[in-house]
$ cat protein-v6.txt   # compact mmCIF, C-alpha atoms and all ligand atoms
# COMPACT_ATOMS: atom_id res chain seq x y z
CA MET S 113 160.90 347.44 89.52
CA GLY S 114 157.54 346.11 90.59
CA GLN S 115 157.09 343.39 93.10
CA PRO S 116 160.06 340.99 93.15
CA GLN S 117 159.20 337.30 93.18
CA VAL S 118 162.08 336.24 95.34
CA SER S 119 163.69 337.94 98.36
CA ILE S 120 167.10 336.73 99.44
CA ILE S 121 167.94 337.53 103.06
CA LEU S 122 171.65 337.97 103.60
CA PRO S 123 172.66 338.67 107.21
CA THR S 124 176.12 340.14 107.69
CA TYR S 125 178.37 340.86 110.59
CA ASN S 126 181.97 341.73 109.79
CA GLU S 127 181.90 340.33 106.28
CA SER S 128 183.84 343.10 104.54
CA GLN S 129 186.02 340.52 102.82
CA ASN S 130 183.09 338.53 101.46
CA ILE S 131 180.16 340.83 100.91
CA LEU S 132 180.87 342.17 97.42
CA ARG S 133 181.90 338.83 96.01
CA ILE S 134 178.84 337.10 97.44
CA LEU S 135 176.48 339.77 96.11
CA HIS S 136 178.01 339.30 92.71
CA SER S 137 177.74 335.55 92.89
CA ILE S 138 174.10 335.66 93.99
CA GLU S 139 173.20 338.02 91.17
CA LYS S 140 174.71 335.62 88.66
CA SER S 141 172.84 332.66 90.14
CA ILE S 142 169.32 334.01 89.86
CA PRO S 143 167.48 332.64 86.84
CA ASP S 144 166.83 335.32 84.19
CA ALA S 145 163.10 334.77 84.21
CA ILE S 146 162.83 335.56 87.92
CA SER S 147 162.73 338.98 89.51
CA ALA S 148 164.53 339.18 92.81
CA GLN S 149 165.82 341.41 95.56
CA THR S 150 168.68 340.77 97.95
CA ILE S 151 168.26 342.27 101.39
CA VAL S 152 171.49 342.64 103.33
CA VAL S 153 170.84 342.88 107.06
CA ASP S 154 173.89 344.36 108.70
CA ASP S 155 174.27 344.85 112.44
CA ASN S 156 176.49 347.90 112.29
CA SER S 157 179.58 345.79 111.55
CA PRO S 158 182.69 347.43 112.98
CA ASP S 159 184.65 346.39 109.88
CA GLY S 160 182.50 348.63 107.69
CA THR S 161 180.52 345.97 105.82
CA GLY S 162 177.50 348.29 105.81
CA ARG S 163 179.46 351.17 104.31
CA ILE S 164 180.90 348.92 101.62
CA VAL S 165 177.38 347.93 100.59
CA GLU S 166 176.21 351.58 100.54
CA GLU S 167 179.14 352.47 98.34
CA TYR S 168 178.37 349.55 96.05
CA LEU S 169 174.71 350.56 95.77
CA ARG S 170 175.67 354.09 94.73
CA ASN S 171 177.70 352.72 91.83
CA MET S 172 175.55 349.72 90.99
CA ILE S 173 174.55 349.44 87.40
CA GLY S 174 171.07 348.04 87.68
CA THR S 175 170.20 344.73 86.13
CA VAL S 176 166.62 344.49 85.01
CA GLY S 177 164.55 342.60 87.54
CA TYR S 178 167.15 342.62 90.30
CA THR S 179 167.80 344.94 93.22
CA VAL S 180 169.95 345.02 96.32
CA GLU S 181 168.89 346.73 99.51
CA ILE S 182 170.43 347.09 102.91
CA ILE S 183 168.95 347.30 106.36
CA HIS S 184 171.25 348.84 108.95
CA ARG S 185 170.52 347.73 112.47
CA ARG S 186 171.98 349.68 115.31
CA ALA S 187 173.70 346.82 117.09
CA LYS S 188 174.37 343.11 116.93
CA THR S 189 171.69 341.11 118.69
CA SER S 190 171.44 337.69 117.11
CA LEU S 191 171.52 336.08 113.72
CA GLY S 192 167.95 334.88 114.20
CA SER S 193 166.61 338.34 114.87
CA ALA S 194 168.56 339.76 111.90
CA ILE S 195 166.96 337.20 109.62
CA LEU S 196 163.46 337.91 110.98
CA HIS S 197 164.07 341.59 110.45
CA GLY S 198 164.98 340.93 106.84
CA ILE S 199 161.94 338.75 106.30
CA GLN S 200 159.63 341.49 107.60
CA HIS S 201 160.95 343.85 104.97
CA ALA S 202 160.90 341.33 102.14
CA ARG S 203 158.52 342.04 99.31
CA GLY S 204 158.91 338.76 97.45
CA ASP S 205 156.52 335.93 98.10
CA THR S 206 159.44 333.50 98.14
CA ILE S 207 162.10 333.96 100.82
CA ILE S 208 165.60 332.52 100.67
CA VAL S 209 167.92 332.74 103.67
CA MET S 210 171.65 332.19 103.34
CA ASP S 211 175.05 333.09 104.81
CA SER S 212 177.26 335.73 103.25
CA ASP S 213 180.58 333.91 103.68
CA PHE S 214 180.35 331.43 100.77
CA SER S 215 179.53 328.50 103.01
CA HIS S 216 176.27 328.29 101.10
CA PRO S 217 176.80 327.97 97.34
CA PRO S 218 174.56 330.45 95.50
CA ASN S 219 174.48 328.17 92.47
CA ILE S 220 171.83 325.96 94.04
CA ILE S 221 169.40 328.87 94.38
CA PRO S 222 167.58 327.87 91.17
CA LYS S 223 167.02 324.37 92.58
CA LEU S 224 165.55 325.81 95.76
CA ILE S 225 163.16 328.03 93.82
CA GLU S 226 162.19 325.17 91.57
CA ALA S 227 161.42 322.84 94.48
CA LEU S 228 159.22 325.47 96.12
CA ARG S 229 157.36 326.06 92.89
CA THR S 230 156.59 322.45 92.26
CA ARG S 231 156.59 320.29 95.33
CA CYS S 232 156.88 321.78 98.80
CA ASP S 233 156.38 324.62 101.28
CA ILE S 234 159.84 324.67 102.81
CA VAL S 235 163.06 323.66 101.13
CA VAL S 236 166.15 323.01 103.19
CA ALA S 237 169.62 322.94 101.69
CA SER S 238 170.93 319.94 103.56
CA ARG S 239 174.35 318.68 104.56
CA TYR S 240 172.98 315.52 106.08
CA ILE S 241 171.29 313.73 103.21
CA ARG S 242 172.90 311.67 100.49
CA GLY S 243 174.98 313.96 98.30
CA GLY S 244 175.50 316.59 100.98
CA LYS S 245 178.62 317.15 103.04
CA ILE S 246 180.78 319.54 105.02
CA ASP S 247 184.17 320.72 103.83
CA GLY S 248 186.74 322.23 106.12
CA TRP S 249 185.21 321.92 109.55
CA PRO S 250 187.36 320.61 112.42
CA VAL S 251 186.12 317.37 113.97
CA LYS S 252 184.99 319.21 117.09
CA ARG S 253 182.61 321.43 115.18
CA LYS S 254 181.29 318.45 113.22
CA ILE S 255 180.52 316.61 116.43
CA ILE S 256 178.76 319.62 117.95
CA SER S 257 176.66 319.97 114.84
CA ARG S 258 175.74 316.29 114.71
CA PHE S 259 174.90 316.26 118.36
CA GLY S 260 172.73 319.37 118.08
CA THR S 261 170.97 317.83 115.11
CA ILE S 262 170.18 314.63 117.00
CA ILE S 263 168.77 316.63 119.90
CA ALA S 264 166.67 318.82 117.63
CA LYS S 265 165.24 315.85 115.79
CA ASN S 266 164.45 313.74 118.82
CA VAL S 267 163.36 316.32 121.32
CA LEU S 268 161.37 318.42 118.88
CA ASN S 269 160.16 315.62 116.63
CA ILE S 270 161.54 317.30 113.53
CA LYS S 271 161.67 315.13 110.44
CA ALA S 272 164.17 317.09 108.34
CA ALA S 273 167.72 315.68 108.31
CA ASP S 274 169.36 319.10 108.71
CA PRO S 275 167.17 321.27 110.95
CA MET S 276 170.18 323.42 111.89
CA SER S 277 170.81 324.47 108.33
CA GLY S 278 171.22 328.19 107.78
CA PHE S 279 170.36 327.83 104.07
CA PHE S 280 166.66 327.41 103.30
CA ALA S 281 163.69 328.84 101.46
CA PHE S 282 159.94 329.05 101.92
CA ARG S 283 156.86 330.94 100.82
CA LYS S 284 156.42 334.04 102.91
CA ASN S 285 152.73 333.52 103.67
CA LEU S 286 153.66 330.35 105.52
CA LEU S 287 154.71 332.47 108.49
CA GLU S 288 151.46 334.41 108.82
CA GLY S 289 150.22 334.54 112.39
CA ILE S 290 153.32 332.96 113.89
CA ILE S 291 155.24 334.66 116.67
CA PHE S 292 158.96 333.97 116.70
CA ASP S 293 161.50 334.01 119.51
CA GLY S 294 164.37 334.58 117.06
CA LEU S 295 166.86 333.18 119.53
CA GLY S 296 170.44 332.55 118.46
CA PHE S 297 171.23 330.99 115.11
CA LYS S 298 168.45 328.50 114.59
CA ILE S 299 165.58 330.22 112.90
CA LEU S 300 164.87 327.26 110.61
CA MET S 301 164.38 324.99 113.60
CA GLU S 302 161.79 327.40 114.94
CA ILE S 303 159.97 327.50 111.62
CA LEU S 304 159.96 323.71 111.38
CA VAL S 305 158.39 323.44 114.83
CA LYS S 306 155.87 326.25 114.51
CA VAL S 307 154.61 325.75 110.99
CA GLN S 308 152.18 322.87 111.07
CA GLY S 309 151.93 320.32 108.33
CA ALA S 310 154.39 321.92 105.91
CA ARG S 311 155.72 319.81 103.08
CA ILE S 312 159.49 319.80 103.36
CA VAL S 313 162.02 318.92 100.72
CA GLU S 314 165.77 318.76 101.26
CA ILE S 315 168.36 319.42 98.62
CA PRO S 316 171.92 318.26 99.22
CA TYR S 317 174.85 320.66 99.08
CA THR S 318 178.42 320.90 100.25
CA PHE S 319 178.91 323.30 103.13
CA GLN S 320 182.25 325.00 102.56
CA ASP S 321 183.83 326.50 105.63
CA ARG S 322 184.59 330.17 105.17
CA GLU S 323 187.97 331.18 103.82
CA ARG S 324 187.80 334.78 104.98
CA GLY S 325 186.67 336.41 108.21
CA ASP S 326 185.61 334.63 111.37
CA SER S 327 182.66 332.53 112.47
CA LYS S 328 180.33 334.20 114.93
CA LEU S 329 179.41 330.93 116.58
CA ASN S 330 180.50 331.08 120.20
CA GLY S 331 179.54 329.78 123.62
CA ASN S 332 176.70 332.22 123.77
CA VAL S 333 175.20 330.89 120.54
CA ILE S 334 175.32 327.38 122.00
CA LYS S 335 173.62 328.60 125.15
CA GLU S 336 170.91 330.26 123.07
CA TYR S 337 170.53 327.01 121.19
CA CYS S 338 169.78 325.13 124.39
CA LYS S 339 167.34 327.81 125.45
CA SER S 340 165.56 327.64 122.15
CA ILE S 341 165.33 323.83 122.28
CA TRP S 342 163.73 324.16 125.69
CA ARG S 343 161.27 326.85 124.61
CA LEU S 344 160.32 325.03 121.45
CA TYR S 345 159.90 321.82 123.37
CA ARG S 346 157.32 323.44 125.58
CA TYR S 347 155.74 325.31 122.70
CA GLY S 348 152.13 324.22 122.27
CA GLY S 349 152.66 321.40 124.75
CA ALA S 350 153.75 319.04 122.01
CA GLU S 351 153.53 315.36 122.91
CA PRO S 352 157.02 314.42 124.09
CA SER S 353 158.86 312.09 121.79
CA ARG S 354 159.64 308.53 122.78
CA SER S 355 163.26 309.19 123.59
CA VAL S 356 162.34 312.11 125.83
CA ARG S 357 159.86 309.92 127.71
CA PHE S 358 162.39 307.12 128.02
CA ILE S 359 165.05 309.44 129.40
CA SER S 360 162.80 311.43 131.72
CA LYS S 361 161.42 308.25 133.23
CA ALA S 362 164.94 306.92 133.64
CA ALA S 363 165.81 310.15 135.47
CA ARG S 364 162.91 309.60 137.85
CA PHE S 365 163.76 305.96 138.30
CA TYR S 366 167.31 306.78 139.35
CA THR S 367 166.17 309.65 141.55
CA VAL S 368 163.97 307.16 143.35
CA GLY S 369 166.94 304.81 143.54
CA THR S 370 169.01 307.52 145.20
CA SER S 371 166.28 308.22 147.72
CA GLY S 372 166.20 304.48 148.50
CA PHE S 373 169.92 304.53 149.09
CA LEU S 374 169.46 307.29 151.71
CA ILE S 375 166.50 305.59 153.37
CA ASN S 376 168.45 302.37 153.57
CA TYR S 377 171.42 304.07 155.17
CA VAL S 378 169.49 306.21 157.62
CA ILE S 379 167.22 303.42 158.86
CA SER S 380 170.05 300.93 159.26
CA LEU S 381 172.03 303.45 161.24
CA LEU S 382 169.25 304.98 163.36
CA LEU S 383 167.91 301.66 164.56
CA THR S 384 171.24 300.58 165.98
CA GLN S 385 171.98 303.98 167.48
CA GLN S 386 168.60 304.55 169.10
CA ILE S 387 167.94 300.99 170.27
CA PRO S 388 171.16 299.53 171.61
CA GLU S 389 169.80 295.98 171.81
CA PHE S 390 168.97 295.98 168.06
CA TRP S 391 171.36 293.65 166.24
CA TYR S 392 173.06 295.52 163.37
CA LEU S 393 172.23 292.85 160.80
CA HIS S 394 168.57 293.01 161.65
CA ALA S 395 168.74 296.76 161.34
CA ASN S 396 170.38 296.32 157.97
CA ILE S 397 167.70 293.96 156.75
CA LEU S 398 165.00 296.41 157.82
CA GLY S 399 166.87 299.19 156.03
CA ILE S 400 166.95 297.22 152.82
CA ALA S 401 163.31 296.24 153.11
CA SER S 402 162.18 299.82 153.73
CA ALA S 403 164.21 301.10 150.79
CA MET S 404 162.84 298.44 148.48
CA SER S 405 159.27 299.19 149.54
CA SER S 406 159.56 302.93 149.21
CA ASN S 407 161.36 302.54 145.87
CA TYR S 408 158.57 300.35 144.63
CA ILE S 409 155.81 302.72 145.75
CA LEU S 410 157.53 305.85 144.41
CA ASN S 411 158.25 304.19 141.08
CA LYS S 412 154.68 303.02 140.81
CA ILE S 413 153.15 306.38 141.62
CA TRP S 414 155.67 308.84 140.30
CA THR S 415 157.96 307.22 137.72
CA PHE S 416 155.45 305.07 135.85
CA GLN S 417 152.21 306.66 137.11
CA ASP S 418 150.50 303.32 137.48
CA ARG S 419 147.06 303.82 139.08
CA ASP S 420 146.06 300.19 139.63
CA PHE S 421 146.19 299.58 143.37
CA SER S 422 144.43 296.23 143.60
CA PRO S 423 146.15 294.00 146.20
CA ARG S 424 146.82 291.30 143.64
CA ARG S 425 148.54 293.68 141.30
CA ILE S 426 150.58 295.23 144.10
CA LEU S 427 151.71 291.83 145.32
CA THR S 428 152.90 290.52 141.95
CA GLN S 429 154.48 293.85 141.04
CA PHE S 430 156.33 294.09 144.31
CA ALA S 431 157.62 290.53 143.96
CA LYS S 432 158.90 291.24 140.46
CA PHE S 433 160.42 294.53 141.55
CA VAL S 434 162.35 292.88 144.36
CA GLY S 435 163.32 290.02 142.06
CA PHE S 436 164.73 292.26 139.33
CA SER S 437 166.55 294.46 141.80
CA SER S 438 168.27 291.42 143.31
CA LEU S 439 168.96 290.08 139.84
CA GLY S 440 170.63 293.41 139.07
CA ALA S 441 172.88 293.00 142.07
CA ALA S 442 173.77 289.44 141.03
CA VAL S 443 174.49 290.49 137.45
CA GLN S 444 176.71 293.28 138.68
CA LEU S 445 178.69 290.88 140.85
CA GLY S 446 178.99 288.46 137.95
CA ILE S 447 180.23 291.08 135.52
CA VAL S 448 182.73 292.57 137.93
CA PHE S 449 184.04 289.13 138.83
CA SER S 450 184.47 287.90 135.27
CA LEU S 451 186.01 291.13 134.00
CA VAL S 452 188.49 291.40 136.82
CA GLU S 453 189.41 287.73 136.44
CA GLY S 454 189.76 288.36 132.70
CA GLY S 455 192.46 290.91 133.40
CA TRP S 456 190.50 294.21 133.46
CA SER S 457 191.16 296.80 136.12
CA TYR S 458 188.74 296.91 139.01
CA PRO S 459 187.53 300.50 138.46
CA ALA S 460 186.75 299.83 134.78
CA SER S 461 185.01 296.54 135.60
CA LEU S 462 183.03 298.21 138.34
CA SER S 463 181.82 300.98 136.02
CA ILE S 464 180.66 298.49 133.45
CA GLY S 465 179.03 296.31 136.09
CA VAL S 466 177.19 299.19 137.76
CA LEU S 467 176.05 300.70 134.46
CA THR S 468 174.80 297.38 133.10
CA ALA S 469 172.96 296.56 136.30
CA ALA S 470 171.41 300.02 136.57
CA LEU S 471 170.27 300.08 132.96
CA GLY S 472 169.05 296.49 133.08
CA ASN S 473 167.20 297.17 136.29
CA TYR S 474 165.35 300.12 134.77
CA MET S 475 164.48 298.36 131.56
CA LEU S 476 163.34 295.09 133.13
CA ASN S 477 161.14 296.88 135.65
CA LYS S 478 159.75 299.21 133.03
CA LYS S 479 158.86 296.42 130.68
CA LEU S 480 157.99 293.50 132.96
CA THR S 481 157.00 294.96 136.32
CA PHE S 482 155.09 298.00 135.13
CA LYS S 483 154.19 296.57 131.73
CA GLU S 484 155.22 299.57 129.70
CA LYS S 485 156.72 299.68 126.24
CA LEU S 486 160.46 299.51 126.59
CA TRP S 487 161.11 302.52 124.38
CA GLY S 488 158.82 305.40 125.17
N1 LIG A 1 173.26 340.67 110.96
C1 LIG A 1 173.88 339.66 111.63
N2 LIG A 1 173.87 339.66 112.99
N3 LIG A 1 174.50 338.69 110.93
C2 LIG A 1 175.11 337.70 111.62
C3 LIG A 1 175.13 337.64 113.02
C4 LIG A 1 174.47 338.68 113.72
O1 LIG A 1 174.42 338.70 114.96
N4 LIG A 1 175.82 336.52 113.39
C5 LIG A 1 176.21 335.92 112.25
N5 LIG A 1 175.80 336.64 111.17
C6 LIG A 1 175.99 336.31 109.75
C7 LIG A 1 177.41 336.13 109.34
O2 LIG A 1 177.99 337.33 108.88
C8 LIG A 1 177.28 335.09 108.24
O3 LIG A 1 176.91 335.67 107.01
C9 LIG A 1 176.12 334.23 108.69
O4 LIG A 1 175.36 335.06 109.56
C10 LIG A 1 176.55 332.96 109.39
O5 LIG A 1 177.43 333.26 110.45
P1 LIG A 1 178.76 332.43 110.70
O6 LIG A 1 179.39 333.01 111.90
O7 LIG A 1 179.56 332.33 109.46
O8 LIG A 1 178.13 331.03 111.07
P2 LIG A 1 178.80 329.59 110.96
O9 LIG A 1 179.42 329.40 109.63
O10 LIG A 1 179.61 329.33 112.15
O11 LIG A 1 177.45 328.69 111.07
C11 LIG A 1 176.77 328.32 109.91
O12 LIG A 1 176.48 326.97 109.96
C12 LIG A 1 175.47 326.57 110.84
C13 LIG A 1 175.21 325.13 110.67
O13 LIG A 1 175.72 324.40 111.71
C14 LIG A 1 175.50 329.13 109.71
O14 LIG A 1 175.00 328.84 108.41
C15 LIG A 1 174.42 328.78 110.64
O15 LIG A 1 173.22 329.47 110.28
C16 LIG A 1 174.21 327.31 110.57
O16 LIG A 1 173.22 326.94 111.49
MN MN A 2 180.03 330.70 108.29

$ encode --input "protein-v6.txt" --output "structure tokens" --more "lines below"
Ligand code: GDD
Ligand code: MN
Amino acid sequence: MGQPQVSIILPTYNESQNILRILHSIEKSIPDAISAQTIVVDDNSPDGTGRIVEEYLRNMIGTVGYTVEIIHRRAKTSLGSAILHGIQHARGDTIIVMDSDFSHPPNIIPKLIEALRTRCDIVVASRYIRGGKIDGWPVKRKIISRFGTIIAKNVLNIKAADPMSGFFAFRKNLLEGIIFDGLGFKILMEILVKVQGARIVEIPYTFQDRERGDSKLNGNVIKEYCKSIWRLYRYGGAEPSRSVRFISKAARFYTVGTSGFLINYVISLLLTQQIPEFWYLHANILGIASAMSSNYILNKIWTFQDRDFSPRRILTQFAKFVGFSSLGAAVQLGIVFSLVEGGWSYPASLSIGVLTAALGNYMLNKKLTFKEKLWG
């Protein structure tokens, strides 16, 4: 056969119970007019998946315009690196990546090819758009997946609804000049971040949990996922998204708050211990005042990076800062009081009171004292 048009990358690890059936199903799903190759990338599966494919290839009665090949890798590293390995060997100009355990229905392959031909650069088979869904996953796995998706979209500014999908297709030349980490499972996420300006289309499908064999997703894969989010976040110094800015500033704001708490405590205590004639309430007032001042200055310089140091500005800002902080304390008292009187337990009321006051404090100061957008 000459050059195939489409290369299907099929990573396998211990898929002896699925591999032959999936190969068969893929072969049936490829449109007659299209020449294709399937590249199995096996990581020396202990259950003999690689040998089963070899055996199958020896007896395969060739269909015109379709071939199957296998790459044997010496050991299991990661799904991502297996997929990249397959892509490097692919001869088609269109690449399709899918699982070998029937979670990804081969019968939507024609739709993927069609979308690439006519209207996009990357097509994602998606569980998270209208018409897509997941069958057979326990709630826990669904939550992990949703949570990971939210993080990917917000931290990495990805627009696709299902950036964690393992079922996708693209034109091979799209990857020219890009260097991949190939960490863990999430090769699509990496492509979506590193390929600039690609047109993306999503096609809904039903993810069917495997019936045979076991998932290879484990704690390590989740760890790799976090690593890859971090690396991709720093990749190219992308402008942080609004939610990342909001949260990182909140982290600084509360770090400053904690430092104020320490300053308050240490000053109030030291004054009375070092100077016996110092009245403890005076010491306490000085402690509070020092903490408020240092909180204000640190938040101005570090948290919100406000560079306007005109006396007028400092005076009004400081007044607002003190005002909102006291308001926070009053609100907290009010909430705790009314909840406890309304029959709630004290610990629960206290949590709600503290959280509301802390959040309100941050948002009011962000918006009104330091004149920033609330979200961002
Ligand atoms: N060669 C190779 N090496 N193949 C692997 C490896 C590996 O280290 N790890 C997994 N595979 C193969 C499996 O044999 C299977 O064909 C496919 O990759 C997916 O692995 P599963 O273990 O079945 O993954 P899953 O079903 O838990 O996760 C699926 O859903 C995720 C969406 O949340 C996959 O489609 C993921 O890619 C997808 O992100
Ligand atoms: Mn699976």

$ residues_around --input "protein-v6.txt" --residues "Gln429 of chain S" --least-positions-apart "4" --cutoff "8 Å" --atoms "all atoms listed in the file" --output "ChimeraX atom specification"
/S:425,433,481-482

$ residues_near_ligand --input "protein-v6.txt" --ligand "ligand MN 2 (chain A)" --cutoff "8 Å" --atoms "only C-alpha atoms and all ligand atoms" --output "ChimeraX atom specification"
/S:211-215,321-322,326-328

$ residues_around --input "protein-v6.txt" --residues "Ile312 of chain S" --least-positions-apart "4" --cutoff "10 Å" --atoms "only C-alpha atoms" --output "PyMOL selection string"
chain S and resi 227-228+231-236+271-272+282+304

$ write_last_selection --input "protein-v6.txt" --atoms "C-alpha atoms" --output "PDB file, in the frame of the given file"
ATOM      1  CA  ALA S 227     161.420 322.840  94.480  1.00  0.00           C
ATOM      2  CA  LEU S 228     159.220 325.470  96.120  1.00  0.00           C
ATOM      3  CA  ARG S 231     156.590 320.290  95.330  1.00  0.00           C
ATOM      4  CA  CYS S 232     156.880 321.780  98.800  1.00  0.00           C
ATOM      5  CA  ASP S 233     156.380 324.620 101.280  1.00  0.00           C
ATOM      6  CA  ILE S 234     159.840 324.670 102.810  1.00  0.00           C
ATOM      7  CA  VAL S 235     163.060 323.660 101.130  1.00  0.00           C
ATOM      8  CA  VAL S 236     166.150 323.010 103.190  1.00  0.00           C
ATOM      9  CA  LYS S 271     161.670 315.130 110.440  1.00  0.00           C
ATOM     10  CA  ALA S 272     164.170 317.090 108.340  1.00  0.00           C
ATOM     11  CA  PHE S 282     159.940 329.050 101.920  1.00  0.00           C
ATOM     12  CA  LEU S 304     159.960 323.710 111.380  1.00  0.00           C
TER      13      LEU S 304
END

$ residues_around --input "protein-v6.txt" --residues "Gln320 of chain S" --least-positions-apart "3" --cutoff "9 Å" --atoms "all atoms listed in the file" --output "ChimeraX atom specification"
/S:214-217,245-249,323

$ closest_residue --input "protein-v6.txt" --among "S:Gly177, S:Pro222, S:Gly160, S:Gly260" --to "ligand LIG 1 (chain A)" --atoms "all atoms listed in the file"
S:Gly260

$ residues_near_ligand --input "protein-v6.txt" --ligand "ligand LIG 1 (chain A)" --cutoff "7 Å" --atoms "all atoms listed in the file" --output "PyMOL selection string"
chain S and resi 122-127+153-155+188-191+194+210-213+215+257+276-279+297-298+321-322+326-329

$ residues_around --input "protein-v6.txt" --residues "Gly174 of chain S" --least-positions-apart "4" --cutoff "12 Å" --atoms "only C-alpha atoms" --output "NGL selection string"
:S and (113 or 139 or 149 or 168-170 or 178-180)

$ decode --input "protein-v6.txt" --residues "segment 194-205 of chain S" --atoms "N, CA, C and O atoms" --output "PDB file, in the first residue's frame"
ATOM      1  N   ALA S 194       3.587   6.616  25.007  1.00  0.00           N
ATOM      2  CA  ALA S 194       3.225   5.582  24.022  1.00  0.00           C
ATOM      3  C   ALA S 194       2.540   6.220  22.816  1.00  0.00           C
ATOM      4  O   ALA S 194       2.819   5.892  21.657  1.00  0.00           O
ATOM      5  N   ILE S 195       1.644   7.140  23.093  1.00  0.00           N
ATOM      6  CA  ILE S 195       0.922   7.799  22.002  1.00  0.00           C
ATOM      7  C   ILE S 195       1.888   8.607  21.129  1.00  0.00           C
ATOM      8  O   ILE S 195       1.852   8.528  19.893  1.00  0.00           O
ATOM      9  N   LEU S 196       2.786   9.353  21.773  1.00  0.00           N
ATOM     10  CA  LEU S 196       3.760  10.143  20.996  1.00  0.00           C
ATOM     11  C   LEU S 196       4.620   9.240  20.125  1.00  0.00           C
ATOM     12  O   LEU S 196       4.903   9.549  18.971  1.00  0.00           O
ATOM     13  N   HIS S 197       5.002   8.121  20.692  1.00  0.00           N
ATOM     14  CA  HIS S 197       5.788   7.143  19.944  1.00  0.00           C
ATOM     15  C   HIS S 197       5.034   6.695  18.686  1.00  0.00           C
ATOM     16  O   HIS S 197       5.585   6.655  17.592  1.00  0.00           O
ATOM     17  N   GLY S 198       3.769   6.387  18.875  1.00  0.00           N
ATOM     18  CA  GLY S 198       2.946   5.989  17.729  1.00  0.00           C
ATOM     19  C   GLY S 198       2.844   7.089  16.684  1.00  0.00           C
ATOM     20  O   GLY S 198       2.943   6.835  15.476  1.00  0.00           O
ATOM     21  N   ILE S 199       2.671   8.299  17.160  1.00  0.00           N
ATOM     22  CA  ILE S 199       2.514   9.427  16.220  1.00  0.00           C
ATOM     23  C   ILE S 199       3.786   9.601  15.381  1.00  0.00           C
ATOM     24  O   ILE S 199       3.732   9.864  14.183  1.00  0.00           O
ATOM     25  N   GLN S 200       4.951   9.436  16.033  1.00  0.00           N
ATOM     26  CA  GLN S 200       6.205   9.581  15.287  1.00  0.00           C
ATOM     27  C   GLN S 200       6.309   8.586  14.135  1.00  0.00           C
ATOM     28  O   GLN S 200       6.902   8.883  13.100  1.00  0.00           O
ATOM     29  N   HIS S 201       5.740   7.423  14.328  1.00  0.00           N
ATOM     30  CA  HIS S 201       5.836   6.403  13.286  1.00  0.00           C
ATOM     31  C   HIS S 201       4.702   6.481  12.273  1.00  0.00           C
ATOM     32  O   HIS S 201       4.710   5.748  11.286  1.00  0.00           O
ATOM     33  N   ALA S 202       3.735   7.330  12.532  1.00  0.00           N
ATOM     34  CA  ALA S 202       2.550   7.360  11.665  1.00  0.00           C
ATOM     35  C   ALA S 202       2.907   7.924  10.298  1.00  0.00           C
ATOM     36  O   ALA S 202       3.663   8.876  10.187  1.00  0.00           O
ATOM     37  N   ARG S 203       2.341   7.320   9.269  1.00  0.00           N
ATOM     38  CA  ARG S 203       2.598   7.821   7.924  1.00  0.00           C
ATOM     39  C   ARG S 203       1.412   8.587   7.358  1.00  0.00           C
ATOM     40  O   ARG S 203       1.525   9.262   6.354  1.00  0.00           O
ATOM     41  N   GLY S 204       0.271   8.481   7.998  1.00  0.00           N
ATOM     42  CA  GLY S 204      -0.894   9.225   7.513  1.00  0.00           C
ATOM     43  C   GLY S 204      -0.787  10.697   7.851  1.00  0.00           C
ATOM     44  O   GLY S 204      -0.084  11.060   8.792  1.00  0.00           O
ATOM     45  N   ASP S 205      -1.474  11.529   7.083  1.00  0.00           N
ATOM     46  CA  ASP S 205      -1.442  12.949   7.470  1.00  0.00           C
ATOM     47  C   ASP S 205      -2.526  13.263   8.489  1.00  0.00           C
ATOM     48  O   ASP S 205      -2.519  14.305   9.128  1.00  0.00           O
TER      49      ASP S 205
END
